[in-house]
Each structure stands twice: as C-alpha cells, then as structure tokens.
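Q: This is protein-v8.cif, which holds mmCIF, C-alpha atoms:
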```cif
data_final
loop_
_atom_site.group_PDB
_atom_site.id
_atom_site.type_symbol
_atom_site.label_atom_id
_atom_site.label_comp_id
_atom_site.auth_asym_id
_atom_site.auth_seq_id
_atom_site.Cartn_x
_atom_site.Cartn_y
_atom_site.Cartn_z
ATOM 1 C CA MET A 1 4.397 62.628 -92.947
ATOM 2 C CA THR A 2 3.721 62.946 -89.204
ATOM 3 C CA HIS A 3 6.476 61.968 -86.784
ATOM 4 C CA LYS A 4 5.978 60.391 -83.370
ATOM 5 C CA ALA A 5 8.422 60.464 -80.446
ATOM 6 C CA GLY A 6 8.283 59.921 -76.719
ATOM 7 C CA TYR A 7 9.847 58.636 -73.517
ATOM 8 C CA VAL A 8 8.759 55.144 -72.483
ATOM 9 C CA ASN A 9 9.980 54.522 -68.943
ATOM 10 C CA ILE A 10 10.362 51.019 -67.493
ATOM 11 C CA ILE A 11 9.827 50.717 -63.733
ATOM 12 C CA GLY A 12 9.359 47.900 -61.218
ATOM 13 C CA LYS A 13 10.869 46.105 -58.250
ATOM 14 C CA PRO A 14 14.434 44.700 -58.407
ATOM 15 C CA ASN A 15 14.932 41.539 -60.461
ATOM 16 C CA VAL A 16 11.568 41.569 -62.292
ATOM 17 C CA GLY A 17 13.276 41.587 -65.713
ATOM 18 C CA LYS A 18 13.334 45.293 -66.591
ATOM 19 C CA SER A 19 16.782 45.164 -68.192
ATOM 20 C CA THR A 20 15.977 41.998 -70.156
ATOM 21 C CA LEU A 21 12.844 43.711 -71.467
ATOM 22 C CA MET A 22 14.723 46.902 -72.335
ATOM 23 C CA ASN A 23 17.327 44.981 -74.324
ATOM 24 C CA ALA A 24 14.607 42.979 -76.114
ATOM 25 C CA LEU A 25 12.699 46.144 -77.049
ATOM 26 C CA VAL A 26 15.813 48.007 -78.207
ATOM 27 C CA GLY A 27 17.381 44.993 -79.923
ATOM 28 C CA GLU A 28 20.780 45.666 -78.346
ATOM 29 C CA LYS A 29 22.459 44.812 -75.047
ATOM 30 C CA ILE A 30 22.168 48.216 -73.383
ATOM 31 C CA SER A 31 21.519 47.181 -69.773
ATOM 32 C CA ILE A 32 23.296 44.667 -67.563
ATOM 33 C CA ILE A 33 21.452 41.377 -67.129
ATOM 34 C CA THR A 34 22.265 38.925 -64.336
ATOM 35 C CA SER A 35 20.200 36.787 -62.003
ATOM 36 C CA LYS A 36 21.195 38.990 -59.067
ATOM 37 C CA ALA A 37 18.825 41.719 -57.846
ATOM 38 C CA GLN A 38 19.646 45.451 -57.976
ATOM 39 C CA THR A 39 21.816 45.022 -61.062
ATOM 40 C CA THR A 40 20.858 48.314 -62.701
ATOM 41 C CA ARG A 41 22.050 51.336 -60.702
ATOM 42 C CA HIS A 42 21.535 54.125 -63.233
ATOM 43 C CA ARG A 43 18.808 55.336 -65.541
ATOM 44 C CA ILE A 44 19.833 54.131 -68.998
ATOM 45 C CA LEU A 45 18.234 55.260 -72.262
ATOM 46 C CA GLY A 46 17.861 52.973 -75.260
ATOM 47 C CA ILE A 47 16.732 54.704 -78.451
ATOM 48 C CA VAL A 48 14.813 52.989 -81.268
ATOM 49 C CA ASN A 49 14.473 54.949 -84.506
ATOM 50 C CA GLY A 50 12.227 54.593 -87.543
ATOM 51 C CA ASP A 51 11.531 56.897 -90.464
ATOM 52 C CA ASP A 52 8.475 58.322 -88.710
ATOM 53 C CA PHE A 53 9.145 57.593 -85.037
ATOM 54 C CA GLN A 54 11.668 57.638 -82.194
ATOM 55 C CA ILE A 55 11.040 55.664 -78.996
ATOM 56 C CA VAL A 56 13.276 56.564 -76.053
ATOM 57 C CA PHE A 57 13.113 53.591 -73.698
ATOM 58 C CA SER A 58 14.402 54.221 -70.184
ATOM 59 C CA ASP A 59 15.587 51.397 -67.902
ATOM 60 C CA THR A 60 15.555 52.331 -64.216
ATOM 61 C CA PRO A 61 16.950 50.782 -61.030
ATOM 62 C CA GLY A 62 14.656 48.519 -59.028
ATOM 63 C CA ILE A 63 12.630 50.381 -56.412
ATOM 64 C CA ILE A 64 14.298 50.098 -52.978
ATOM 65 C CA ASN A 65 11.754 50.516 -50.174
ATOM 66 C CA LYS A 66 14.331 50.866 -47.396
ATOM 67 C CA PRO A 67 17.409 52.702 -48.744
ATOM 68 C CA ALA A 68 20.528 51.831 -46.752
ATOM 69 C CA TYR A 69 22.908 54.276 -48.425
ATOM 70 C CA LYS A 70 22.930 57.651 -50.183
ATOM 71 C CA MET A 71 23.458 55.654 -53.382
ATOM 72 C CA HIS A 72 20.075 53.920 -52.872
ATOM 73 C CA GLU A 73 18.372 57.289 -52.341
ATOM 74 C CA VAL A 74 19.730 58.572 -55.666
ATOM 75 C CA MET A 75 18.681 55.326 -57.385
ATOM 76 C CA ASN A 76 15.134 55.828 -56.080
ATOM 77 C CA GLN A 77 15.232 59.427 -57.334
ATOM 78 C CA PHE A 78 15.963 58.073 -60.834
ATOM 79 C CA VAL A 79 12.723 56.069 -60.534
ATOM 80 C CA ARG A 80 10.699 59.034 -59.231
ATOM 81 C CA THR A 81 11.899 61.165 -62.145
ATOM 82 C CA ALA A 82 11.018 58.383 -64.579
ATOM 83 C CA MET A 83 7.435 58.392 -63.289
ATOM 84 C CA ILE A 84 7.096 62.113 -63.999
ATOM 85 C CA ASP A 85 8.748 62.694 -67.375
ATOM 86 C CA ALA A 86 7.279 59.680 -69.214
ATOM 87 C CA ASP A 87 4.888 59.684 -72.151
ATOM 88 C CA LEU A 88 4.147 56.042 -71.280
ATOM 89 C CA ILE A 89 5.056 53.903 -68.249
ATOM 90 C CA LEU A 90 5.834 50.198 -68.540
ATOM 91 C CA PHE A 91 5.305 48.743 -65.059
ATOM 92 C CA VAL A 92 7.012 45.330 -65.020
ATOM 93 C CA VAL A 93 5.760 42.729 -62.545
ATOM 94 C CA ASP A 94 7.250 39.289 -61.881
ATOM 95 C CA ILE A 95 4.251 36.949 -62.182
ATOM 96 C CA THR A 96 5.806 34.661 -59.527
ATOM 97 C CA ASP A 97 6.055 37.522 -56.986
ATOM 98 C CA LYS A 98 3.029 37.673 -54.676
ATOM 99 C CA ASP A 99 3.998 40.887 -52.856
ATOM 100 C CA ILE A 100 2.408 44.037 -54.290
ATOM 101 C CA ASP A 101 4.180 47.363 -53.769
ATOM 102 C CA GLU A 102 1.269 49.472 -52.510
ATOM 103 C CA LYS A 103 3.210 52.751 -52.764
ATOM 104 C CA ILE A 104 3.962 52.289 -56.463
ATOM 105 C CA ILE A 105 0.388 51.125 -57.127
ATOM 106 C CA GLY A 106 -0.891 54.294 -55.424
ATOM 107 C CA ASN A 107 1.392 56.465 -57.583
ATOM 108 C CA LEU A 108 0.253 54.706 -60.762
ATOM 109 C CA LYS A 109 -3.427 55.134 -59.822
ATOM 110 C CA ASN A 110 -2.865 58.882 -59.445
ATOM 111 C CA THR A 111 -0.937 59.490 -62.655
ATOM 112 C CA ASP A 112 -2.365 60.846 -65.897
ATOM 113 C CA ILE A 113 0.385 59.084 -67.858
ATOM 114 C CA PRO A 114 -0.741 55.943 -69.778
ATOM 115 C CA VAL A 115 0.414 52.734 -68.053
ATOM 116 C CA PHE A 116 1.062 49.225 -69.388
ATOM 117 C CA VAL A 117 1.327 46.497 -66.738
ATOM 118 C CA LEU A 118 3.666 43.830 -68.098
ATOM 119 C CA LEU A 119 3.302 40.471 -66.328
ATOM 120 C CA ASN A 120 6.774 39.099 -66.957
ATOM 121 C CA LYS A 121 8.275 35.603 -66.614
ATOM 122 C CA ILE A 122 5.091 33.807 -67.700
ATOM 123 C CA ASP A 123 7.402 31.029 -68.951
ATOM 124 C CA LEU A 124 7.798 30.165 -65.252
ATOM 125 C CA SER A 125 4.037 30.014 -64.685
ATOM 126 C CA ASP A 126 0.938 28.233 -66.037
ATOM 127 C CA GLN A 127 -2.020 29.413 -68.105
ATOM 128 C CA GLU A 128 -4.481 29.407 -65.199
ATOM 129 C CA THR A 129 -2.202 31.624 -63.099
ATOM 130 C CA VAL A 130 -1.574 33.996 -66.028
ATOM 131 C CA ILE A 131 -5.316 34.457 -66.654
ATOM 132 C CA SER A 132 -5.948 34.990 -62.932
ATOM 133 C CA GLN A 133 -3.109 37.530 -62.635
ATOM 134 C CA VAL A 134 -4.273 39.471 -65.710
ATOM 135 C CA ARG A 135 -7.749 39.804 -64.173
ATOM 136 C CA GLN A 136 -6.305 40.792 -60.801
ATOM 137 C CA TRP A 137 -4.175 43.575 -62.312
ATOM 138 C CA GLU A 138 -7.055 44.798 -64.465
ATOM 139 C CA GLN A 139 -8.998 45.278 -61.213
ATOM 140 C CA GLU A 140 -6.000 46.751 -59.352
ATOM 141 C CA LEU A 141 -5.200 49.297 -62.078
ATOM 142 C CA PRO A 142 -8.352 49.689 -64.202
ATOM 143 C CA CYS A 143 -6.834 52.519 -66.271
ATOM 144 C CA ALA A 144 -3.824 50.371 -67.272
ATOM 145 C CA ILE A 145 -3.537 47.852 -70.103
ATOM 146 C CA VAL A 146 -2.191 44.445 -68.991
ATOM 147 C CA TYR A 147 0.055 42.267 -71.169
ATOM 148 C CA PRO A 148 1.459 38.866 -70.172
ATOM 149 C CA ILE A 149 5.026 38.612 -71.508
ATOM 150 C CA SER A 150 8.284 36.718 -71.266
ATOM 151 C CA ALA A 151 11.130 39.132 -71.941
ATOM 152 C CA LYS A 152 13.667 36.304 -71.715
ATOM 153 C CA GLU A 153 11.827 34.183 -74.315
ATOM 154 C CA ASN A 154 10.817 37.280 -76.335
ATOM 155 C CA PHE A 155 7.136 36.306 -76.006
ATOM 156 C CA ASN A 156 4.660 39.144 -76.700
ATOM 157 C CA VAL A 157 7.503 41.712 -76.730
ATOM 158 C CA GLN A 158 6.793 42.679 -80.346
ATOM 159 C CA THR A 159 3.108 43.176 -79.472
ATOM 160 C CA VAL A 160 4.094 45.515 -76.620
ATOM 161 C CA PHE A 161 6.425 47.392 -78.973
ATOM 162 C CA GLU A 162 3.638 47.907 -81.518
ATOM 163 C CA GLU A 163 1.195 49.068 -78.836
ATOM 164 C CA VAL A 164 3.816 51.465 -77.454
ATOM 165 C CA LEU A 165 4.202 52.939 -80.934
ATOM 166 C CA LYS A 166 0.439 53.576 -81.136
ATOM 167 C CA LYS A 167 0.523 55.499 -77.838
ATOM 168 C CA LEU A 168 3.377 57.850 -78.769
ATOM 169 C CA PRO A 169 2.472 61.525 -79.220
ATOM 170 C CA GLU A 170 3.282 63.440 -82.383
ATOM 171 C CA SER A 171 6.665 65.052 -81.819
ATOM 172 C CA PRO A 172 10.013 65.632 -83.525
ATOM 173 C CA ALA A 173 12.879 63.341 -82.502
ATOM 174 C CA TYR A 174 14.610 64.093 -79.208
ATOM 175 C CA PHE A 175 17.977 62.661 -80.290
ATOM 176 C CA PRO A 176 19.868 62.352 -83.595
ATOM 177 C CA LYS A 177 18.493 59.381 -85.541
ATOM 178 C CA ASP A 178 21.811 57.504 -85.499
ATOM 179 C CA GLU A 179 22.051 57.454 -81.678
ATOM 180 C CA LEU A 180 21.383 54.249 -79.737
ATOM 181 C CA THR A 181 21.741 55.604 -76.206
ATOM 182 C CA ASP A 182 22.574 58.722 -74.211
ATOM 183 C CA LYS A 183 25.461 56.991 -72.428
ATOM 184 C CA SER A 184 29.143 57.207 -73.371
ATOM 185 C CA MET A 185 31.550 54.408 -74.241
ATOM 186 C CA ARG A 186 33.186 54.889 -70.816
ATOM 187 C CA PHE A 187 29.828 54.232 -69.135
ATOM 188 C CA PHE A 188 29.326 50.959 -71.005
ATOM 189 C CA ILE A 189 32.867 49.847 -70.194
ATOM 190 C CA THR A 190 32.175 50.327 -66.475
ATOM 191 C CA GLU A 191 28.855 48.471 -66.838
ATOM 192 C CA ILE A 192 30.521 45.527 -68.601
ATOM 193 C CA ILE A 193 33.193 45.300 -65.896
ATOM 194 C CA ARG A 194 30.524 45.528 -63.191
ATOM 195 C CA GLU A 195 28.497 42.806 -64.901
ATOM 196 C CA LYS A 196 31.527 40.498 -64.829
ATOM 197 C CA ILE A 197 32.039 41.249 -61.129
ATOM 198 C CA LEU A 198 28.410 40.248 -60.547
ATOM 199 C CA LEU A 199 28.976 37.009 -62.440
ATOM 200 C CA HIS A 200 32.408 36.058 -61.041
ATOM 201 C CA TYR A 201 32.073 36.952 -57.351
ATOM 202 C CA GLN A 202 29.609 35.922 -54.672
ATOM 203 C CA LYS A 203 27.892 37.314 -51.563
ATOM 204 C CA GLU A 204 28.327 41.006 -50.840
ATOM 205 C CA ILE A 205 31.205 41.704 -53.256
ATOM 206 C CA PRO A 206 29.108 42.766 -56.298
ATOM 207 C CA TYR A 207 26.996 45.114 -54.163
ATOM 208 C CA SER A 208 29.965 46.691 -52.409
ATOM 209 C CA VAL A 209 31.942 47.776 -55.465
ATOM 210 C CA GLU A 210 31.776 50.419 -58.167
ATOM 211 C CA VAL A 211 33.895 50.947 -61.285
ATOM 212 C CA ILE A 212 35.302 54.046 -62.925
ATOM 213 C CA VAL A 213 37.340 54.426 -66.127
ATOM 214 C CA ASP A 214 40.441 56.502 -65.336
ATOM 215 C CA ALA A 215 41.971 56.535 -68.814
ATOM 216 C CA TYR A 216 40.612 55.786 -72.282
ATOM 217 C CA GLU A 217 42.821 55.989 -75.360
ATOM 218 C CA GLU A 218 41.525 54.897 -78.762
ATOM 219 C CA SER A 219 43.489 54.405 -81.956
ATOM 220 C CA ALA A 220 42.486 52.903 -85.305
ATOM 221 C CA LYS A 221 43.000 49.305 -84.149
ATOM 222 C CA LEU A 222 43.260 49.371 -80.341
ATOM 223 C CA ILE A 223 41.553 50.795 -77.261
ATOM 224 C CA LYS A 224 43.667 51.153 -74.114
ATOM 225 C CA ILE A 225 41.631 51.307 -70.905
ATOM 226 C CA GLN A 226 42.658 51.843 -67.300
ATOM 227 C CA ALA A 227 39.889 51.298 -64.766
ATOM 228 C CA THR A 228 39.617 51.268 -60.985
ATOM 229 C CA ILE A 229 37.317 49.014 -58.968
ATOM 230 C CA TYR A 230 36.348 50.704 -55.704
ATOM 231 C CA ALA A 231 35.744 48.276 -52.824
ATOM 232 C CA ALA A 232 34.367 49.051 -49.367
ATOM 233 C CA ARG A 233 36.850 46.967 -47.320
ATOM 234 C CA ASP A 234 40.371 45.518 -47.498
ATOM 235 C CA SER A 235 38.946 41.989 -47.266
ATOM 236 C CA GLN A 236 36.896 42.667 -50.398
ATOM 237 C CA LYS A 237 39.993 43.922 -52.215
ATOM 238 C CA ALA A 238 41.776 40.650 -51.377
ATOM 239 C CA ILE A 239 38.850 38.595 -52.737
ATOM 240 C CA LEU A 240 38.639 40.707 -55.899
ATOM 241 C CA ILE A 241 42.333 40.264 -56.646
ATOM 242 C CA GLY A 242 42.546 36.597 -55.617
ATOM 243 C CA LYS A 243 45.623 34.483 -54.996
ATOM 244 C CA GLY A 244 48.465 35.791 -57.140
ATOM 245 C CA GLY A 245 45.985 38.023 -58.988
ATOM 246 C CA SER A 246 44.148 35.010 -60.460
ATOM 247 C CA ALA A 247 40.597 36.200 -59.736
ATOM 248 C CA ILE A 248 40.942 39.700 -61.178
ATOM 249 C CA LYS A 249 42.797 38.315 -64.204
ATOM 250 C CA ARG A 250 39.960 35.858 -64.938
ATOM 251 C CA MET A 251 37.278 38.505 -64.492
ATOM 252 C CA GLY A 252 39.283 41.066 -66.494
ATOM 253 C CA THR A 253 39.717 38.680 -69.417
ATOM 254 C CA SER A 254 35.967 38.062 -69.483
ATOM 255 C CA ALA A 255 35.304 41.838 -69.424
ATOM 256 C CA ARG A 256 37.889 42.535 -72.138
ATOM 257 C CA ILE A 257 36.271 39.996 -74.503
ATOM 258 C CA ASP A 258 32.858 41.640 -74.090
ATOM 259 C CA ILE A 259 34.264 45.163 -74.476
ATOM 260 C CA GLU A 260 35.960 44.055 -77.718
ATOM 261 C CA LYS A 261 32.595 42.745 -79.004
ATOM 262 C CA PHE A 262 30.874 45.980 -77.995
ATOM 263 C CA ALA A 263 33.543 48.294 -79.449
ATOM 264 C CA GLY A 264 34.497 46.196 -82.478
ATOM 265 C CA LYS A 265 38.214 46.636 -81.725
ATOM 266 C CA LYS A 266 41.059 44.998 -79.828
ATOM 267 C CA VAL A 267 41.197 46.128 -76.208
ATOM 268 C CA PHE A 268 43.993 46.385 -73.656
ATOM 269 C CA LEU A 269 42.353 46.484 -70.206
ATOM 270 C CA GLU A 270 44.256 47.332 -67.035
ATOM 271 C CA LEU A 271 42.369 46.959 -63.752
ATOM 272 C CA ARG A 272 43.297 48.021 -60.241
ATOM 273 C CA VAL A 273 41.418 47.847 -56.932
ATOM 274 C CA LYS A 274 41.147 50.686 -54.424
ATOM 275 C CA VAL A 275 39.499 50.637 -50.983
ATOM 276 C CA THR A 276 37.182 53.525 -50.059
ATOM 277 C CA ASP A 277 35.075 52.403 -47.117
ATOM 278 C CA ASN A 278 32.223 54.895 -47.387
ATOM 279 C CA TRP A 279 31.896 55.395 -51.136
ATOM 280 C CA ARG A 280 28.149 54.603 -51.111
ATOM 281 C CA ASP A 281 27.563 57.614 -48.838
ATOM 282 C CA ASP A 282 30.237 59.921 -50.286
ATOM 283 C CA GLU A 283 28.417 62.580 -52.370
ATOM 284 C CA LEU A 284 31.519 63.644 -54.307
ATOM 285 C CA LEU A 285 32.424 60.070 -55.229
ATOM 286 C CA LEU A 286 28.810 59.245 -56.096
ATOM 287 C CA LYS A 287 28.788 62.186 -58.529
ATOM 288 C CA ARG A 288 32.007 60.859 -60.079
ATOM 289 C CA PHE A 289 30.272 57.508 -60.515
ATOM 290 C CA GLY A 290 27.338 59.238 -62.238
ATOM 291 C CA TYR A 291 24.804 59.109 -59.386
ATOM 292 C CA GLU A 292 23.161 62.428 -60.115
ATOM 293 C CA ALA A 293 19.407 62.402 -60.354
#
```
Can the structure in the file be given as structure tokens, please?

A:
Amino acid sequence: MTHKAGYVNIIGKPNVGKSTLMNALVGEKISIITSKAQTTRHRILGIVNGDDFQIVFSDTPGIINKPAYKMHEVMNQFVRTAMIDADLILFVVDITDKDIDEKIIGNLKNTDIPVFVLLNKIDLSDQETVISQVRQWEQELPCAIVYPISAKENFNVQTVFEEVLKKLPESPAYFPKDELTDKSMRFFITEIIREKILLHYQKEIPYSVEVIVDAYEESAKLIKIQATIYAARDSQKAILIGKGGSAIKRMGTSARIDIEKFAGKKVFLELRVKVTDNWRDDELLLKRFGYEA
C-alpha cells in the first residue's frame, strides 16, 4: 500500500479566516480564533493521519506589509518559510476584501508549488459575487485552482480536504501517527490565555501583551500552572489586573475552564502581570516567547 504525506501551508492576510479553516480541516481547535486581526503569531502545525496518508497543515500569521516591531518581522519570516517548504499552498482570501496583495500574488505566480485559492466567507456574500470572484482569481492566478468556501459554516471544506489528499506526494509520515501537532502543552496554555485576553480586553491591550508559562506541574488529577502576562506599559498592567484584581480573575477563570477542557484534568492557574516596555523588539525575550523563524 502506498503512503502519501506532505506539508499543506495556509497563508493570507490577517483576519481572512486561516485559523478557522485550519481547525475545520484538522477537526480540532489548534489555532486561536477571534474576530480581531493578527490573532495568530506563530506557525502552528495541525496533523491529520489516516492509514495511508499524513497531512501536515500549517497555520501562519497574517502577512504584515509594514512591520512595526521585530516581532512582526519574525512573523513575516514564518510566512516566507511556509511559501518555500510547502507541498501545497492554500491561499485564503476574504471574498469581502477588495484589496489584492500584489506582492503575494507575484510570489504565487512564480512558485512551482501547487496553489489552491480559497475564497472564504462566502456566507457573507451572494452567488453573483462568488461567481465573479472565482473568474477573477482564475484569471489572476491561472495555475491555481479556486474554491469558494465558508470555513465558519464548514461549507466546501471537505471538498478541499479531499482535493488536498489527491495532491499529496508519495512519502512516509513525517510525524508519529498519534501526534496532533508539533506544539507542546505549554504552548497551547499560552495560546488559550492569549485568546481570553483578546476576548476580554479592548483596544491595544491584546496586541501589546504576550504570555509565558513559568511553571507547569502535572499529577494524576491536577495540573498546576504559573504564567506571566508581559505588558508594554504600567497603564496596561493596571487594565489587565482591574479594580481589586477583578479583570484578571474573570479572564483567568475563562482561561482555566478552556485549559481543563483541552487537558481533560482539573487546573489550578496562577497569573501575574509584568511590564517590559520593549518586549516586541527584544530578541532574547522574543526567543523565549518562541519567535524563532
């Protein structure tokens, strides 16, 4: 029996639905999903296994055309790497977005890697627009195959999955067949906490903070976690904590519930907030946070 395996890398602008698509394809919540842009900061692998195949899906950060920090530069490097080491590229486009990223289009025109253009969020559009957009992208990228989808509504996702499987090269598996991702439990804990920060706080707070797990202790029935939220300013620390610690308690409870669901165990979560004003440009700290391309 022949075995197929390959890397299928998901790229696109911020907030086009890459993480929603990744989770739908993998069948698990691997990547953070919120309505805010630039949610995904790392390259995250989601692995789907069958008896005769292994698909390694890769969710990438949204492409940032004008990086403001060293962190943004590393995030863009994740995307550049994903465009080189793929066996298949899934280029996700928001059908309601009229601005075309000419640089990415140019890169896709010059690649030998097979490309699927996925016109996402068609549930927010109409049939006439979908047909028009499919034709437009077929002209824009004649070597690509265009699929209208709704990752949120799971429309046409199974079709894309089946077509991806057809495109995979013959290869042995890259990872053990029981693995779901290349990331550790600590990574997913930080992502869950960061997701709750995105959901519970407004304005610049979610974009100005990062999370690291300082201590992780697991027993048969309980996981004890100590984590630090790094903020850029004292004013942000005050907002994160809230009056009498109310805000961080509310957010922490929400994170603990999700971590318990993810880990399948009771969790004790202790959070603290630390101010480091230049963390987004601090190479040593960025490496600690996992920003290594």

Q: Excluding region 188-193 of chain A and its own-chain neighbours fewer than 2 positions away, which residues fall within 7 Å of it when counting all atoms listed in the file? Please give them as JSON, numbers by chain.

A: {"A": [32, 184, 185, 186, 195, 196, 197, 211, 212, 213, 255, 259]}

Q: Ranking A:Asp178, A:Glu163, A:Glu260, A:Glu283 by minimum distance to Gly46 (chain A) and counting only C-alpha atoms, which one comes first?

A: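 Among the listed residues, A:Asp178 lies closest to Gly46 (chain A).
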
Q: From the list A:Asn120, A:Ser254, A:Gln54, A:Asn49, which residue is nearest Ala151 (chain A) when using all atoms listed in the file?

A: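 Closest candidate: A:Asn120.
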
Q: Any chance you could resolve the PyMOL selection byres ((chain A and resi 215) around 7) against this file and give the residues as a PDB file with C-alpha atoms, in the coordinates of the input?

A:
```pdb
ATOM      1  CA  VAL A 213      37.340  54.426 -66.127  1.00  0.00           C
ATOM      2  CA  ASP A 214      40.441  56.502 -65.336  1.00  0.00           C
ATOM      3  CA  TYR A 216      40.612  55.786 -72.282  1.00  0.00           C
ATOM      4  CA  GLU A 217      42.821  55.989 -75.360  1.00  0.00           C
ATOM      5  CA  ILE A 225      41.631  51.307 -70.905  1.00  0.00           C
ATOM      6  CA  GLN A 226      42.658  51.843 -67.300  1.00  0.00           C
ATOM      7  CA  ALA A 227      39.889  51.298 -64.766  1.00  0.00           C
TER       8      ALA A 227
END
```

Q: Record the distance separating CA of Gly252 (chain A) and CA of Thr228 (chain A), expressed in Å with one decimal.

A: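 Computing it gives 11.6 Å between the two atoms.
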
Q: Using the chain letters and numbers from this file, what does the PyMOL selection byres ((chain A and resi 56) around 9) select? Give the answer as a count of residues only.

A: 17

Q: Here is a test: counting all atoms listed in the file, which residue of A:Ile44, A:Ile100, A:Ile145, A:Ile205 is nearest to Asp182 (chain A)?

A: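 Among the listed residues, the smallest separation from Asp182 (chain A) belongs to A:Ile44.
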
Q: Report, in Å to a single decimal, how far apart CA of Glu28 (chain A) and CA of Glu270 (chain A) are.

A: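 Interatomic distance, CA of Glu270 (chain A) to CA of Glu28 (chain A): 26.1 Å.
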
Q: Here's the selection I'm unsure about, the PyMOL selection byres ((chain A and resi 51) around 10); applied to the file above, which residues does it give, as a PyMOL selection string?

A: chain A and resi 1-4+49-50+52-54+177

Q: Phe91 (chain A): which residues within 9 Å, counting all atoms listed in the file, same-chain residues fewer than 4 positions away excluded, as a compact mmCIF listing (two decimals) with C-alpha atoms, in the coordinates of the input?

A:
```txt
# COMPACT_ATOMS: atom_id res chain seq x y z
CA ASN A 9 9.98 54.52 -68.94
CA ILE A 10 10.36 51.02 -67.49
CA ILE A 11 9.83 50.72 -63.73
CA GLY A 12 9.36 47.90 -61.22
CA LYS A 18 13.33 45.29 -66.59
CA LEU A 108 0.25 54.71 -60.76
CA VAL A 115 0.41 52.73 -68.05
CA PHE A 116 1.06 49.22 -69.39
CA VAL A 117 1.33 46.50 -66.74
CA LEU A 118 3.67 43.83 -68.10
CA LEU A 119 3.30 40.47 -66.33
```

Q: Point out the residue among A:Arg135, A:Arg272, A:Lys237, A:Lys167 with the least atom-to-atom distance to Leu90 (chain A), counting only C-alpha atoms.

A: A:Lys167

Q: Mind pulling up the distance from CA of Ile89 (chain A) to CA of Ile104 (chain A)?

A: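 Separation of CA of Ile104 (chain A) and CA of Ile89 (chain A): 11.9 Å.
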
Q: So which residues touch Lys221 (chain A) within 9 Å, counting all atoms listed in the file, skipping near sequence neighbours fewer than 5 positions away, as a VMD selection string?

A: chain A and resid 265 to 267

Q: Write a file of the just-selected residues containing C-alpha atoms, as a CSV table (one decimal), in the coordinates of the input.

A:
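What follows is the written file out.csv:
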```
chain,number,residue,atom,x,y,z
A,265,LYS,CA,38.2,46.6,-81.7
A,266,LYS,CA,41.1,45.0,-79.8
A,267,VAL,CA,41.2,46.1,-76.2
```

Q: With all atoms listed in the file as the counted atoms, please give the residues lying no more than 7 Å from Arg233 (chain A), apart from itself and same-chain residues fewer than 2 positions off, as a list in words.

A: Ala231, Ser235, Gln236, Lys237, Val275 and Asp277 of chain A

Q: Can you work out which one of A:Phe268, A:Ile229, A:Lys243, A:Ala86 has the shortest atom-to-atom distance to Asp112 (chain A), counting all atoms listed in the file?

A: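 Smallest separation from Asp112 (chain A) among the options: A:Ala86.
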
Q: Give the padded box for region 209-222 of chain A as lines of an AutoDock Vina configuration file: axis-aligned, covering all atoms listed in the file, 5 Å on each side, centre and edge lengths in Å to one decimal.

A:
```
center_x = 37.6
center_y = 52.2
center_z = -70.4
size_x = 21.7
size_y = 18.8
size_z = 39.8
```

Q: Could you check which of A:Ser150, A:Ser208, A:Ser125, A:Gln202 is closest to Thr20 (chain A), using all atoms listed in the file?

A: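 Of the candidates, the smallest distance to Thr20 (chain A) is held by A:Ser150.
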
Q: Mind checking which residues fall within 12 Å of Lys121 (chain A), counting all atoms listed in the file, ignoring those fewer than 5 positions away in the same chain, and posting them as a PDB file with C-alpha atoms, in the coordinates of the input?

A:
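Everything below was put into around.pdb:
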```pdb
ATOM      1  CA  ASN A  15      14.932  41.539 -60.461  1.00  0.00           C
ATOM      2  CA  VAL A  16      11.568  41.569 -62.292  1.00  0.00           C
ATOM      3  CA  GLY A  17      13.276  41.587 -65.713  1.00  0.00           C
ATOM      4  CA  LYS A  18      13.334  45.293 -66.591  1.00  0.00           C
ATOM      5  CA  THR A  20      15.977  41.998 -70.156  1.00  0.00           C
ATOM      6  CA  LEU A  21      12.844  43.711 -71.467  1.00  0.00           C
ATOM      7  CA  VAL A  92       7.012  45.330 -65.020  1.00  0.00           C
ATOM      8  CA  VAL A  93       5.760  42.729 -62.545  1.00  0.00           C
ATOM      9  CA  ASP A  94       7.250  39.289 -61.881  1.00  0.00           C
ATOM     10  CA  ILE A  95       4.251  36.949 -62.182  1.00  0.00           C
ATOM     11  CA  THR A  96       5.806  34.661 -59.527  1.00  0.00           C
ATOM     12  CA  ASP A  97       6.055  37.522 -56.986  1.00  0.00           C
ATOM     13  CA  ASP A 126       0.938  28.233 -66.037  1.00  0.00           C
ATOM     14  CA  THR A 129      -2.202  31.624 -63.099  1.00  0.00           C
ATOM     15  CA  VAL A 130      -1.574  33.996 -66.028  1.00  0.00           C
ATOM     16  CA  TYR A 147       0.055  42.267 -71.169  1.00  0.00           C
ATOM     17  CA  PRO A 148       1.459  38.866 -70.172  1.00  0.00           C
ATOM     18  CA  ILE A 149       5.026  38.612 -71.508  1.00  0.00           C
ATOM     19  CA  SER A 150       8.284  36.718 -71.266  1.00  0.00           C
ATOM     20  CA  ALA A 151      11.130  39.132 -71.941  1.00  0.00           C
ATOM     21  CA  LYS A 152      13.667  36.304 -71.715  1.00  0.00           C
ATOM     22  CA  GLU A 153      11.827  34.183 -74.315  1.00  0.00           C
ATOM     23  CA  ASN A 154      10.817  37.280 -76.335  1.00  0.00           C
ATOM     24  CA  PHE A 155       7.136  36.306 -76.006  1.00  0.00           C
ATOM     25  CA  ASN A 156       4.660  39.144 -76.700  1.00  0.00           C
ATOM     26  CA  VAL A 157       7.503  41.712 -76.730  1.00  0.00           C
TER      27      VAL A 157
END
```
